[in-house]
file my_file27.pdb (PDB, C-alpha atoms and all ligand atoms)
ATOM      1  CA  MET A  65     -21.898   7.490   6.420  1.00  0.00           C
ATOM      2  CA  SER A  66     -24.222   7.110   3.445  1.00  0.00           C
ATOM      3  CA  LEU A  67     -24.194   8.449  -0.101  1.00  0.00           C
ATOM      4  CA  ALA A  68     -27.651   7.037  -0.820  1.00  0.00           C
ATOM      5  CA  GLY A  69     -29.443   9.079  -3.466  1.00  0.00           C
ATOM      6  CA  LYS A  70     -26.208  10.818  -4.560  1.00  0.00           C
ATOM      7  CA  ARG A  71     -24.745  10.630  -8.054  1.00  0.00           C
ATOM      8  CA  ILE A  72     -20.973  10.385  -8.001  1.00  0.00           C
ATOM      9  CA  LEU A  73     -18.700  10.791 -11.016  1.00  0.00           C
ATOM     10  CA  VAL A  74     -15.218   9.250 -10.642  1.00  0.00           C
ATOM     11  CA  THR A  75     -12.314   9.478 -13.073  1.00  0.00           C
ATOM     12  CA  ALA A  76      -9.450   6.989 -12.969  1.00  0.00           C
ATOM     13  CA  GLY A  77      -6.264   5.917 -14.684  1.00  0.00           C
ATOM     14  CA  PRO A  78      -3.834   7.587 -17.049  1.00  0.00           C
ATOM     15  CA  THR A  79      -4.417   9.180 -20.428  1.00  0.00           C
ATOM     16  CA  ARG A  80      -2.314   8.591 -23.548  1.00  0.00           C
ATOM     17  CA  GLU A  81      -1.185  11.149 -26.117  1.00  0.00           C
ATOM     18  CA  ALA A  82      -0.108   9.755 -29.485  1.00  0.00           C
ATOM     19  CA  ILE A  83       3.340  10.555 -30.887  1.00  0.00           C
ATOM     20  CA  ASP A  84       2.680   8.426 -33.972  1.00  0.00           C
ATOM     21  CA  PRO A  85       0.457   5.361 -34.674  1.00  0.00           C
ATOM     22  CA  VAL A  86       2.589   3.101 -32.454  1.00  0.00           C
ATOM     23  CA  ARG A  87       3.947   5.350 -29.695  1.00  0.00           C
ATOM     24  CA  TYR A  88       2.496   7.543 -26.977  1.00  0.00           C
ATOM     25  CA  ILE A  89       3.236   9.687 -23.925  1.00  0.00           C
ATOM     26  CA  SER A  90       1.605   8.568 -20.674  1.00  0.00           C
ATOM     27  CA  ASN A  91       2.352   8.068 -16.957  1.00  0.00           C
ATOM     28  CA  HIS A  92       2.503   5.277 -14.380  1.00  0.00           C
ATOM     29  CA  SER A  93      -1.074   5.606 -13.098  1.00  0.00           C
ATOM     30  CA  SER A  94      -2.646   2.139 -12.653  1.00  0.00           C
ATOM     31  CA  GLY A  95      -6.193   3.343 -11.937  1.00  0.00           C
ATOM     32  CA  LYS A  96      -6.313   1.371  -8.650  1.00  0.00           C
ATOM     33  CA  MET A  97      -7.176   4.379  -6.452  1.00  0.00           C
ATOM     34  CA  GLY A  98      -9.950   5.574  -8.776  1.00  0.00           C
ATOM     35  CA  TYR A  99     -11.491   2.098  -9.133  1.00  0.00           C
ATOM     36  CA  ALA A 100     -11.357   1.655  -5.324  1.00  0.00           C
ATOM     37  CA  LEU A 101     -13.176   4.996  -4.987  1.00  0.00           C
ATOM     38  CA  ALA A 102     -15.867   3.967  -7.480  1.00  0.00           C
ATOM     39  CA  ARG A 103     -16.373   0.725  -5.498  1.00  0.00           C
ATOM     40  CA  ALA A 104     -16.459   2.539  -2.128  1.00  0.00           C
ATOM     41  CA  ALA A 105     -18.947   5.142  -3.412  1.00  0.00           C
ATOM     42  CA  ARG A 106     -21.176   2.355  -4.747  1.00  0.00           C
ATOM     43  CA  GLU A 107     -20.941   0.488  -1.421  1.00  0.00           C
ATOM     44  CA  ALA A 108     -21.946   3.721   0.328  1.00  0.00           C
ATOM     45  CA  GLY A 109     -25.154   3.697  -1.729  1.00  0.00           C
ATOM     46  CA  ALA A 110     -24.337   6.178  -4.514  1.00  0.00           C
ATOM     47  CA  GLU A 111     -25.143   5.848  -8.193  1.00  0.00           C
ATOM     48  CA  VAL A 112     -21.656   5.826  -9.730  1.00  0.00           C
ATOM     49  CA  HIS A 113     -20.300   6.635 -13.181  1.00  0.00           C
ATOM     50  CA  LEU A 114     -16.618   5.839 -13.741  1.00  0.00           C
ATOM     51  CA  ILE A 115     -14.723   7.457 -16.593  1.00  0.00           C
ATOM     52  CA  THR A 116     -11.559   5.491 -17.092  1.00  0.00           C
ATOM     53  CA  GLY A 117      -8.339   5.743 -19.021  1.00  0.00           C
ATOM     54  CA  PRO A 118      -6.591   2.568 -20.199  1.00  0.00           C
ATOM     55  CA  THR A 119      -6.117   0.139 -17.257  1.00  0.00           C
ATOM     56  CA  THR A 120      -6.122  -3.639 -16.733  1.00  0.00           C
ATOM     57  CA  LEU A 121      -8.734  -3.417 -13.943  1.00  0.00           C
ATOM     58  CA  THR A 122     -12.292  -4.779 -13.817  1.00  0.00           C
ATOM     59  CA  VAL A 123     -15.114  -2.267 -13.409  1.00  0.00           C
ATOM     60  CA  PRO A 124     -16.746  -2.806  -9.963  1.00  0.00           C
ATOM     61  CA  GLY A 125     -20.241  -4.362  -9.988  1.00  0.00           C
ATOM     62  CA  GLY A 126     -23.115  -1.880 -10.218  1.00  0.00           C
ATOM     63  CA  VAL A 127     -20.881   0.887 -11.598  1.00  0.00           C
ATOM     64  CA  LYS A 128     -21.495   2.368 -15.044  1.00  0.00           C
ATOM     65  CA  ALA A 129     -18.240   2.967 -16.935  1.00  0.00           C
ATOM     66  CA  SER A 130     -17.005   4.720 -20.054  1.00  0.00           C
ATOM     67  CA  SER A 131     -13.523   4.635 -21.541  1.00  0.00           C
ATOM     68  CA  ILE A 132     -11.351   7.448 -22.821  1.00  0.00           C
ATOM     69  CA  THR A 133      -7.799   7.585 -24.143  1.00  0.00           C
ATOM     70  CA  THR A 134      -6.596  11.198 -24.359  1.00  0.00           C
ATOM     71  CA  THR A 135      -6.835  14.144 -21.965  1.00  0.00           C
ATOM     72  CA  ALA A 136      -9.064  15.946 -24.487  1.00  0.00           C
ATOM     73  CA  GLU A 137     -11.439  12.939 -24.530  1.00  0.00           C
ATOM     74  CA  LEU A 138     -11.430  12.875 -20.721  1.00  0.00           C
ATOM     75  CA  ALA A 139     -12.215  16.602 -20.640  1.00  0.00           C
ATOM     76  CA  ARG A 140     -15.131  16.104 -23.050  1.00  0.00           C
ATOM     77  CA  ALA A 141     -16.535  13.113 -21.122  1.00  0.00           C
ATOM     78  CA  VAL A 142     -16.252  14.800 -17.706  1.00  0.00           C
ATOM     79  CA  THR A 143     -17.783  18.047 -18.990  1.00  0.00           C
ATOM     80  CA  GLU A 144     -20.679  16.086 -20.493  1.00  0.00           C
ATOM     81  CA  CYS A 145     -21.404  14.194 -17.220  1.00  0.00           C
ATOM     82  CA  PHE A 146     -20.659  17.002 -14.759  1.00  0.00           C
ATOM     83  CA  GLY A 147     -24.199  18.371 -14.796  1.00  0.00           C
ATOM     84  CA  TRP A 148     -25.532  14.891 -13.915  1.00  0.00           C
ATOM     85  CA  CYS A 149     -23.466  14.436 -10.756  1.00  0.00           C
ATOM     86  CA  ASP A 150     -23.738  15.665  -7.175  1.00  0.00           C
ATOM     87  CA  GLY A 151     -20.053  14.986  -6.595  1.00  0.00           C
ATOM     88  CA  LEU A 152     -16.955  14.558  -8.744  1.00  0.00           C
ATOM     89  CA  ILE A 153     -13.787  12.740  -7.682  1.00  0.00           C
ATOM     90  CA  MET A 154     -10.997  13.454 -10.119  1.00  0.00           C
ATOM     91  CA  ALA A 155      -8.568  10.604  -9.424  1.00  0.00           C
ATOM     92  CA  ALA A 156      -7.378  10.294 -13.041  1.00  0.00           C
ATOM     93  CA  ALA A 157      -3.817  11.250 -13.924  1.00  0.00           C
ATOM     94  CA  PRO A 158      -4.261  13.080 -17.230  1.00  0.00           C
ATOM     95  CA  ALA A 159      -1.155  13.651 -19.335  1.00  0.00           C
ATOM     96  CA  ASP A 160      -0.260  17.335 -18.915  1.00  0.00           C
ATOM     97  CA  PHE A 161       1.474  17.574 -22.311  1.00  0.00           C
ATOM     98  CA  ARG A 162       0.752  16.231 -25.755  1.00  0.00           C
ATOM     99  CA  PRO A 163       2.875  16.179 -28.925  1.00  0.00           C
ATOM    100  CA  LEU A 164       2.238  19.281 -30.992  1.00  0.00           C
ATOM    101  CA  HIS A 165       2.272  17.179 -34.156  1.00  0.00           C
ATOM    102  CA  ASP A 166       0.698  13.717 -34.184  1.00  0.00           C
ATOM    103  CA  ALA A 167       2.604  11.901 -36.975  1.00  0.00           C
ATOM    104  CA  ARG A 168       0.215   9.915 -39.168  1.00  0.00           C
ATOM    105  CA  THR A 169       2.877   7.415 -40.121  1.00  0.00           C
ATOM    106  CA  LYS A 170       5.454   5.685 -37.925  1.00  0.00           C
ATOM    107  CA  ILE A 171       8.476   7.854 -37.258  1.00  0.00           C
ATOM    108  CA  LYS A 172      11.464   5.929 -38.635  1.00  0.00           C
ATOM    109  CA  ARG A 173      14.629   5.398 -36.668  1.00  0.00           C
ATOM    110  CA  GLY A 174      17.311   7.802 -37.818  1.00  0.00           C
ATOM    111  CA  THR A 175      20.834   8.502 -36.817  1.00  0.00           C
ATOM    112  CA  ASP A 176      20.070  12.015 -35.535  1.00  0.00           C
ATOM    113  CA  ALA A 177      18.488  12.929 -32.216  1.00  0.00           C
ATOM    114  CA  LEU A 178      14.718  13.306 -32.482  1.00  0.00           C
ATOM    115  CA  GLY A 179      13.145  16.471 -31.113  1.00  0.00           C
ATOM    116  CA  LEU A 180       9.595  16.216 -29.793  1.00  0.00           C
ATOM    117  CA  GLU A 181       7.621  19.428 -29.397  1.00  0.00           C
ATOM    118  CA  LEU A 182       4.957  19.300 -26.686  1.00  0.00           C
ATOM    119  CA  GLU A 183       2.025  21.553 -25.867  1.00  0.00           C
ATOM    120  CA  PRO A 184       0.106  21.664 -22.576  1.00  0.00           C
ATOM    121  CA  THR A 185      -3.270  19.922 -22.361  1.00  0.00           C
ATOM    122  CA  GLN A 186      -6.196  21.674 -20.711  1.00  0.00           C
ATOM    123  CA  ASP A 187      -6.598  21.712 -16.919  1.00  0.00           C
ATOM    124  CA  ILE A 188      -9.913  19.893 -16.694  1.00  0.00           C
ATOM    125  CA  LEU A 189     -10.709  20.613 -13.030  1.00  0.00           C
ATOM    126  CA  LYS A 190      -9.944  24.292 -13.261  1.00  0.00           C
ATOM    127  CA  GLY A 191     -12.405  24.749 -16.118  1.00  0.00           C
ATOM    128  CA  LEU A 192     -15.127  22.681 -14.440  1.00  0.00           C
ATOM    129  CA  THR A 193     -15.237  24.202 -10.983  1.00  0.00           C
ATOM    130  CA  LYS A 194     -16.107  27.561 -12.545  1.00  0.00           C
ATOM    131  CA  GLU A 195     -19.398  26.188 -13.862  1.00  0.00           C
ATOM    132  CA  ARG A 196     -20.457  24.165 -10.856  1.00  0.00           C
ATOM    133  CA  ARG A 197     -23.893  24.267  -9.264  1.00  0.00           C
ATOM    134  CA  GLN A 198     -24.507  25.262  -5.673  1.00  0.00           C
ATOM    135  CA  GLY A 199     -23.886  22.215  -3.488  1.00  0.00           C
ATOM    136  CA  GLN A 200     -21.888  20.175  -6.009  1.00  0.00           C
ATOM    137  CA  VAL A 201     -18.841  18.693  -4.272  1.00  0.00           C
ATOM    138  CA  VAL A 202     -15.547  18.487  -6.169  1.00  0.00           C
ATOM    139  CA  VAL A 203     -12.576  16.440  -4.940  1.00  0.00           C
ATOM    140  CA  GLY A 204      -9.183  16.454  -6.626  1.00  0.00           C
ATOM    141  CA  PHE A 205      -5.867  14.682  -6.131  1.00  0.00           C
ATOM    142  CA  ALA A 206      -2.404  16.161  -5.901  1.00  0.00           C
ATOM    143  CA  LEU A 207       0.736  14.212  -6.583  1.00  0.00           C
ATOM    144  CA  GLU A 208       3.657  16.093  -5.094  1.00  0.00           C
ATOM    145  CA  THR A 209       7.284  15.217  -4.616  1.00  0.00           C
ATOM    146  CA  ASP A 210       8.414  18.392  -2.823  1.00  0.00           C
ATOM    147  CA  ASN A 211       6.773  21.121  -0.679  1.00  0.00           C
ATOM    148  CA  ALA A 212       3.843  18.726  -0.697  1.00  0.00           C
ATOM    149  CA  GLU A 213       1.331  20.342   1.701  1.00  0.00           C
ATOM    150  CA  LYS A 214       2.008  23.873   0.450  1.00  0.00           C
ATOM    151  CA  ASN A 215       1.639  22.878  -3.216  1.00  0.00           C
ATOM    152  CA  ALA A 216      -1.494  20.853  -2.473  1.00  0.00           C
ATOM    153  CA  ARG A 217      -3.140  23.791  -0.640  1.00  0.00           C
ATOM    154  CA  ARG A 218      -2.306  26.029  -3.600  1.00  0.00           C
ATOM    155  CA  LYS A 219      -3.950  23.532  -5.997  1.00  0.00           C
ATOM    156  CA  LEU A 220      -6.984  23.289  -3.694  1.00  0.00           C
ATOM    157  CA  ARG A 221      -7.398  27.059  -3.903  1.00  0.00           C
ATOM    158  CA  GLU A 222      -6.518  27.581  -7.568  1.00  0.00           C
ATOM    159  CA  LYS A 223      -8.711  24.730  -8.789  1.00  0.00           C
ATOM    160  CA  GLY A 224     -11.590  25.768  -6.491  1.00  0.00           C
ATOM    161  CA  LEU A 225     -11.866  22.342  -4.838  1.00  0.00           C
ATOM    162  CA  ASP A 226     -13.729  21.240  -1.711  1.00  0.00           C
ATOM    163  CA  MET A 227     -11.050  18.694  -0.857  1.00  0.00           C
ATOM    164  CA  ILE A 228      -7.713  17.580  -2.228  1.00  0.00           C
ATOM    165  CA  VAL A 229      -6.152  14.192  -1.579  1.00  0.00           C
ATOM    166  CA  LEU A 230      -2.411  14.669  -1.271  1.00  0.00           C
ATOM    167  CA  ASN A 231      -0.376  11.755  -2.481  1.00  0.00           C
ATOM    168  CA  VAL A 232       3.358  11.605  -1.889  1.00  0.00           C
ATOM    169  CA  PRO A 233       4.816   8.780  -3.979  1.00  0.00           C
ATOM    170  CA  GLY A 234       7.091   6.383  -2.118  1.00  0.00           C
ATOM    171  CA  GLU A 235       7.729   2.690  -1.625  1.00  0.00           C
ATOM    172  CA  ASP A 236       4.306   1.972  -0.114  1.00  0.00           C
ATOM    173  CA  SER A 237       2.438   4.779  -1.819  1.00  0.00           C
ATOM    174  CA  GLY A 238       1.681   6.173  -5.260  1.00  0.00           C
ATOM    175  CA  PHE A 239       1.629   4.507  -8.667  1.00  0.00           C
ATOM    176  CA  ASP A 240       0.660   0.861  -9.021  1.00  0.00           C
ATOM    177  CA  THR A 241       0.970   0.060  -5.293  1.00  0.00           C
ATOM    178  CA  GLU A 242      -1.730  -1.744  -3.278  1.00  0.00           C
ATOM    179  CA  THR A 243      -1.366   0.744  -0.437  1.00  0.00           C
ATOM    180  CA  ASN A 244      -1.312   4.511  -0.253  1.00  0.00           C
ATOM    181  CA  ARG A 245      -0.233   7.234   2.175  1.00  0.00           C
ATOM    182  CA  VAL A 246      -2.408  10.322   1.782  1.00  0.00           C
ATOM    183  CA  SER A 247      -3.525  13.466   3.557  1.00  0.00           C
ATOM    184  CA  LEU A 248      -7.046  14.819   3.144  1.00  0.00           C
ATOM    185  CA  ILE A 249      -6.948  18.596   2.848  1.00  0.00           C
ATOM    186  CA  ARG A 250      -9.980  20.883   3.038  1.00  0.00           C
ATOM    187  CA  PRO A 251     -10.137  24.686   3.035  1.00  0.00           C
ATOM    188  CA  ARG A 252      -9.857  26.308   6.480  1.00  0.00           C
ATOM    189  CA  ARG A 253      -9.318  22.954   8.232  1.00  0.00           C
ATOM    190  CA  LYS A 254      -6.386  21.052   9.602  1.00  0.00           C
ATOM    191  CA  SER A 255      -5.178  18.332   7.243  1.00  0.00           C
ATOM    192  CA  VAL A 256      -6.156  14.756   8.103  1.00  0.00           C
ATOM    193  CA  VAL A 257      -2.954  12.730   7.765  1.00  0.00           C
ATOM    194  CA  LEU A 258      -3.751   9.050   7.219  1.00  0.00           C
ATOM    195  CA  PRO A 259      -1.284   6.219   7.864  1.00  0.00           C
ATOM    196  CA  VAL A 260      -0.289   3.797   5.100  1.00  0.00           C
ATOM    197  CA  LEU A 261      -3.490   1.921   4.277  1.00  0.00           C
ATOM    198  CA  HIS A 262      -4.767  -0.398   1.568  1.00  0.00           C
ATOM    199  CA  LYS A 263      -6.213   1.648  -1.303  1.00  0.00           C
ATOM    200  CA  ASP A 264      -9.682   0.183  -0.560  1.00  0.00           C
ATOM    201  CA  GLU A 265      -9.490   1.598   2.990  1.00  0.00           C
ATOM    202  CA  VAL A 266      -8.121   4.953   1.745  1.00  0.00           C
ATOM    203  CA  ALA A 267     -11.095   5.068  -0.631  1.00  0.00           C
ATOM    204  CA  ARG A 268     -13.549   4.421   2.226  1.00  0.00           C
ATOM    205  CA  ARG A 269     -12.004   7.252   4.280  1.00  0.00           C
ATOM    206  CA  ILE A 270     -12.262   9.664   1.318  1.00  0.00           C
ATOM    207  CA  ILE A 271     -15.891   8.681   0.723  1.00  0.00           C
ATOM    208  CA  GLU A 272     -16.620   9.133   4.463  1.00  0.00           C
ATOM    209  CA  GLN A 273     -15.254  12.698   4.316  1.00  0.00           C
ATOM    210  CA  MET A 274     -17.126  13.390   1.092  1.00  0.00           C
ATOM    211  CA  ALA A 275     -20.424  12.225   2.576  1.00  0.00           C
ATOM    212  CA  GLN A 276     -20.039  14.864   5.327  1.00  0.00           C
ATOM    213  CA  MET A 277     -19.674  17.567   2.704  1.00  0.00           C
ATOM    214  CA  PHE A 278     -23.207  17.370   1.260  1.00  0.00           C
TER     215      PHE A 278
HETATM  216  N1  LIG B   1      -5.985  17.359 -13.497  1.00  0.00           N
HETATM  217  C1  LIG B   1      -6.888  17.895 -14.416  1.00  0.00           C
HETATM  218  N2  LIG B   1      -6.469  18.200 -15.685  1.00  0.00           N
HETATM  219  C2  LIG B   1      -5.179  18.010 -16.054  1.00  0.00           C
HETATM  220  C3  LIG B   1      -4.241  17.498 -15.102  1.00  0.00           C
HETATM  221  C4  LIG B   1      -4.684  17.193 -13.831  1.00  0.00           C
HETATM  222  O1  LIG B   1      -8.056  18.086 -14.076  1.00  0.00           O
HETATM  223  N3  LIG B   1      -4.800  18.311 -17.284  1.00  0.00           N
HETATM  224  C5  LIG B   1      -6.480  17.023 -12.142  1.00  0.00           C
HETATM  225  C6  LIG B   1      -6.065  15.660 -11.625  1.00  0.00           C
HETATM  226  O2  LIG B   1      -7.020  14.665 -11.924  1.00  0.00           O
HETATM  227  C7  LIG B   1      -5.973  15.900 -10.119  1.00  0.00           C
HETATM  228  C8  LIG B   1      -5.575  17.354 -10.016  1.00  0.00           C
HETATM  229  O3  LIG B   1      -5.908  17.961 -11.266  1.00  0.00           O
HETATM  230  O4  LIG B   1      -7.202  15.704  -9.477  1.00  0.00           O
HETATM  231  C9  LIG B   1      -4.123  17.616  -9.740  1.00  0.00           C
HETATM  232  O5  LIG B   1      -3.316  16.903 -10.619  1.00  0.00           O
HETATM  233  P1  LIG B   1      -1.725  17.050 -10.582  1.00  0.00           P
HETATM  234  O6  LIG B   1      -1.138  16.233 -11.690  1.00  0.00           O
HETATM  235  O7  LIG B   1      -1.227  16.820  -9.170  1.00  0.00           O
HETATM  236  O8  LIG B   1      -1.560  18.607 -10.824  1.00  0.00           O
HETATM  237  P2  LIG B   1      -1.398  19.504 -12.088  1.00  0.00           P
HETATM  238  O9  LIG B   1      -2.518  20.484 -12.107  1.00  0.00           O
HETATM  239  O10 LIG B   1      -1.203  18.684 -13.314  1.00  0.00           O
HETATM  240  O11 LIG B   1      -0.088  20.329 -11.698  1.00  0.00           O
HETATM  241  P3  LIG B   1       1.465  19.897 -11.732  1.00  0.00           P
HETATM  242  O12 LIG B   1       1.578  18.719 -12.666  1.00  0.00           O
HETATM  243  O13 LIG B   1       2.137  21.137 -12.210  1.00  0.00           O
HETATM  244  O14 LIG B   1       1.844  19.548 -10.304  1.00  0.00           O
END

call {"tool": "encode", "arguments": {"input": "my_file27.pdb", "output": "structure tokens"}}
result
Amino acid sequence: MSLAGKRILVTAGPTREAIDPVRYISNHSSGKMGYALARAAREAGAEVHLITGPTTLTVPGGVKASSITTTAELARAVTECFGWCDGLIMAAAPADFRPLHDARTKIKRGTDALGLELEPTQDILKGLTKERRQGQVVVGFALETDNAEKNARRKLREKGLDMIVLNVPGEDSGFDTETNRVSLIRPRRKSVVLPVLHKDEVARRIIEQMAQMF
């Protein structure tokens, strides 16, 4: 299945929210799934732009990349590029909370407990799908630990997505693993439950599904 002539925007990796100049809040996302998707989309003939949070990975050949650190920066970058793309794959794991106050100087160790006030970051996908063009395909991810399928279907609906890739973290699946166990969920269709596969193969299956959606 080909994506020749299509422009695909992929996001990957975690974001970081500063607590002070030396500390941050983040998550265990390695970026591997998103980078594999960028590679698979390129191999399927698409023009690919990867927006990446901090990772140790190498950008696949032929893929244009830009780097972001915070969820707000990711939101800005994705919003800026959204009009350019025919399809968006939101594989990044943005931090959902950020410190309310970003201390300009290093917080010193004290003897008392330290309280950290957090505020929610914006839901990037939810904002974007409202302004999408006819025919633009939007794919999201869902990381669920309980009531997985039900929660993923709710996210699919609430975020207005064409497909959601459900990820249930486990020993051979999830953060920083080479393999993944996912289900591909589309509105009004039975879920496609994939076996444990290398992330490169999972990426190819996602791209195959996406190519059918144009
Ligand atoms: N996402 C987003 N903006 C955020 C957080 C997540 O656009 N601030 C995207 C992710 O890239 C993913 C999808 O939304 O494609 C679902 O992410 P997930 O973390 O599973 O869901 P949340 O909406 O953050 O909900 P919750 O953490 O409550 O499960």

call {"tool": "axis_aligned_box", "arguments": {"input": "my_file27.pdb", "around": "stretch 172-188 of chain A", "padding_each_side": "8 Å", "output": "lines of an AutoDock Vina configuration file"}}
result
center_x = 5.5
center_y = 13.6
center_z = -27.7
size_x = 46.7
size_y = 32.3
size_z = 37.9

call {"tool": "closest_atom_pairs", "arguments": {"input": "my_file27.pdb", "of": "stretch 164-278 of chain A", "to": "stretch 85-98 of chain A", "cutoff": "10 Å", "atoms": "only C-alpha atoms", "output": "Markdown table"}}
result
| residue | atom | partner | partner_atom | distance |
| --- | --- | --- | --- | --- |
| A:Asp166 | CA | A:Pro85 | CA | 8.4 |
| A:Ala167 | CA | A:Pro85 | CA | 7.3 |
| A:Arg168 | CA | A:Pro85 | CA | 6.4 |
| A:Thr169 | CA | A:Pro85 | CA | 6.3 |
| A:Lys170 | CA | A:Pro85 | CA | 6.0 |
| A:Ile171 | CA | A:Pro85 | CA | 8.8 |
| A:Gly238 | CA | A:Ser93 | CA | 8.3 |
| A:Phe239 | CA | A:Ser93 | CA | 5.3 |
| A:Asp240 | CA | A:Ser94 | CA | 5.1 |
| A:Thr241 | CA | A:Lys96 | CA | 8.1 |
| A:Glu242 | CA | A:Lys96 | CA | 7.7 |
| A:Thr243 | CA | A:Met97 | CA | 9.1 |
| A:Asn244 | CA | A:Met97 | CA | 8.5 |
| A:His262 | CA | A:Met97 | CA | 9.6 |
| A:Lys263 | CA | A:Met97 | CA | 5.9 |
| A:Asp264 | CA | A:Met97 | CA | 7.7 |
| A:Val266 | CA | A:Met97 | CA | 8.3 |
| A:Ala267 | CA | A:Met97 | CA | 7.1 |

call {"tool": "resolve_selection", "arguments": {"input": "my_file27.pdb", "expression": "the PyMOL selection byres (((not hetatm)) within 6 of (chain B and resi 1))", "output": "list in words"}}
result
Met154, Ala155, Ala156, Ala157, Pro158, Asp160, Thr185, Gln186, Asp187, Ile188, Leu189, Gly204, Phe205, Ala206 and Leu207 of chain A

call {"tool": "closest_residue", "arguments": {"input": "my_file27.pdb", "among": "A:Thr135, A:Ala216, A:Ser130, A:Gln276", "to": "A:Pro251", "atoms": "all atoms listed in the file"}}
result
A:Ala216

call {"tool": "resolve_selection", "arguments": {"input": "my_file27.pdb", "expression": "the PyMOL selection byres (((chain A and resi 192) around 12) and not hetatm)", "output": "count of residues only"}}
result
30

call {"tool": "build_atoms", "arguments": {"input": "my_file27.pdb", "residues": "stretch 214-219 of chain A", "atoms": "all heavy atoms", "output": "mmCIF file, in the coordinates of the input"}}
result
data_model
loop_
_atom_site.group_PDB
_atom_site.id
_atom_site.type_symbol
_atom_site.label_atom_id
_atom_site.label_comp_id
_atom_site.auth_asym_id
_atom_site.auth_seq_id
_atom_site.Cartn_x
_atom_site.Cartn_y
_atom_site.Cartn_z
ATOM 1 N N LYS A 214 2.149 22.508 0.966
ATOM 2 C CA LYS A 214 2.008 23.873 0.450
ATOM 3 C C LYS A 214 1.485 23.848 -0.999
ATOM 4 O O LYS A 214 0.554 24.567 -1.357
ATOM 5 C CB LYS A 214 3.388 24.551 0.527
ATOM 6 C CG LYS A 214 3.358 26.016 0.263
ATOM 7 C CD LYS A 214 4.655 26.692 0.726
ATOM 8 C CE LYS A 214 4.775 28.049 0.071
ATOM 9 N NZ LYS A 214 5.870 28.122 -0.882
ATOM 10 N N ASN A 215 2.079 22.977 -1.822
ATOM 11 C CA ASN A 215 1.639 22.878 -3.216
ATOM 12 C C ASN A 215 0.203 22.370 -3.304
ATOM 13 O O ASN A 215 -0.583 22.833 -4.141
ATOM 14 C CB ASN A 215 2.547 21.930 -4.001
ATOM 15 C CG ASN A 215 3.856 22.584 -4.365
ATOM 16 O OD1 ASN A 215 3.943 23.811 -4.477
ATOM 17 N ND2 ASN A 215 4.893 21.789 -4.544
ATOM 18 N N ALA A 216 -0.143 21.420 -2.434
ATOM 19 C CA ALA A 216 -1.494 20.853 -2.473
ATOM 20 C C ALA A 216 -2.520 21.923 -2.083
ATOM 21 O O ALA A 216 -3.579 22.030 -2.706
ATOM 22 C CB ALA A 216 -1.587 19.654 -1.542
ATOM 23 N N ARG A 217 -2.211 22.717 -1.058
ATOM 24 C CA ARG A 217 -3.140 23.791 -0.640
ATOM 25 C C ARG A 217 -3.294 24.826 -1.749
ATOM 26 O O ARG A 217 -4.380 25.370 -1.958
ATOM 27 C CB ARG A 217 -2.661 24.457 0.660
ATOM 28 C CG ARG A 217 -2.855 23.576 1.855
ATOM 29 C CD ARG A 217 -3.380 24.327 3.076
ATOM 30 N NE ARG A 217 -3.689 23.375 4.132
ATOM 31 C CZ ARG A 217 -4.906 23.050 4.532
ATOM 32 N NH1 ARG A 217 -5.962 23.626 4.016
ATOM 33 N NH2 ARG A 217 -5.106 22.151 5.469
ATOM 34 N N ARG A 218 -2.213 25.082 -2.479
ATOM 35 C CA ARG A 218 -2.306 26.029 -3.600
ATOM 36 C C ARG A 218 -3.228 25.465 -4.689
ATOM 37 O O ARG A 218 -4.091 26.158 -5.222
ATOM 38 C CB ARG A 218 -0.900 26.329 -4.166
ATOM 39 C CG ARG A 218 -0.909 27.382 -5.282
ATOM 40 C CD ARG A 218 0.489 27.745 -5.770
ATOM 41 N NE ARG A 218 1.347 26.578 -5.949
ATOM 42 C CZ ARG A 218 1.300 25.762 -6.987
ATOM 43 N NH1 ARG A 218 0.437 25.960 -7.952
ATOM 44 N NH2 ARG A 218 2.111 24.716 -7.061
ATOM 45 N N LYS A 219 -3.087 24.167 -4.989
ATOM 46 C CA LYS A 219 -3.950 23.532 -5.997
ATOM 47 C C LYS A 219 -5.412 23.548 -5.560
ATOM 48 O O LYS A 219 -6.311 23.776 -6.363
ATOM 49 C CB LYS A 219 -3.513 22.078 -6.221
ATOM 50 C CG LYS A 219 -2.500 21.935 -7.322
ATOM 51 C CD LYS A 219 -2.104 20.501 -7.564
ATOM 52 C CE LYS A 219 -0.724 20.493 -8.230
ATOM 53 N NZ LYS A 219 -0.153 19.161 -8.308
#
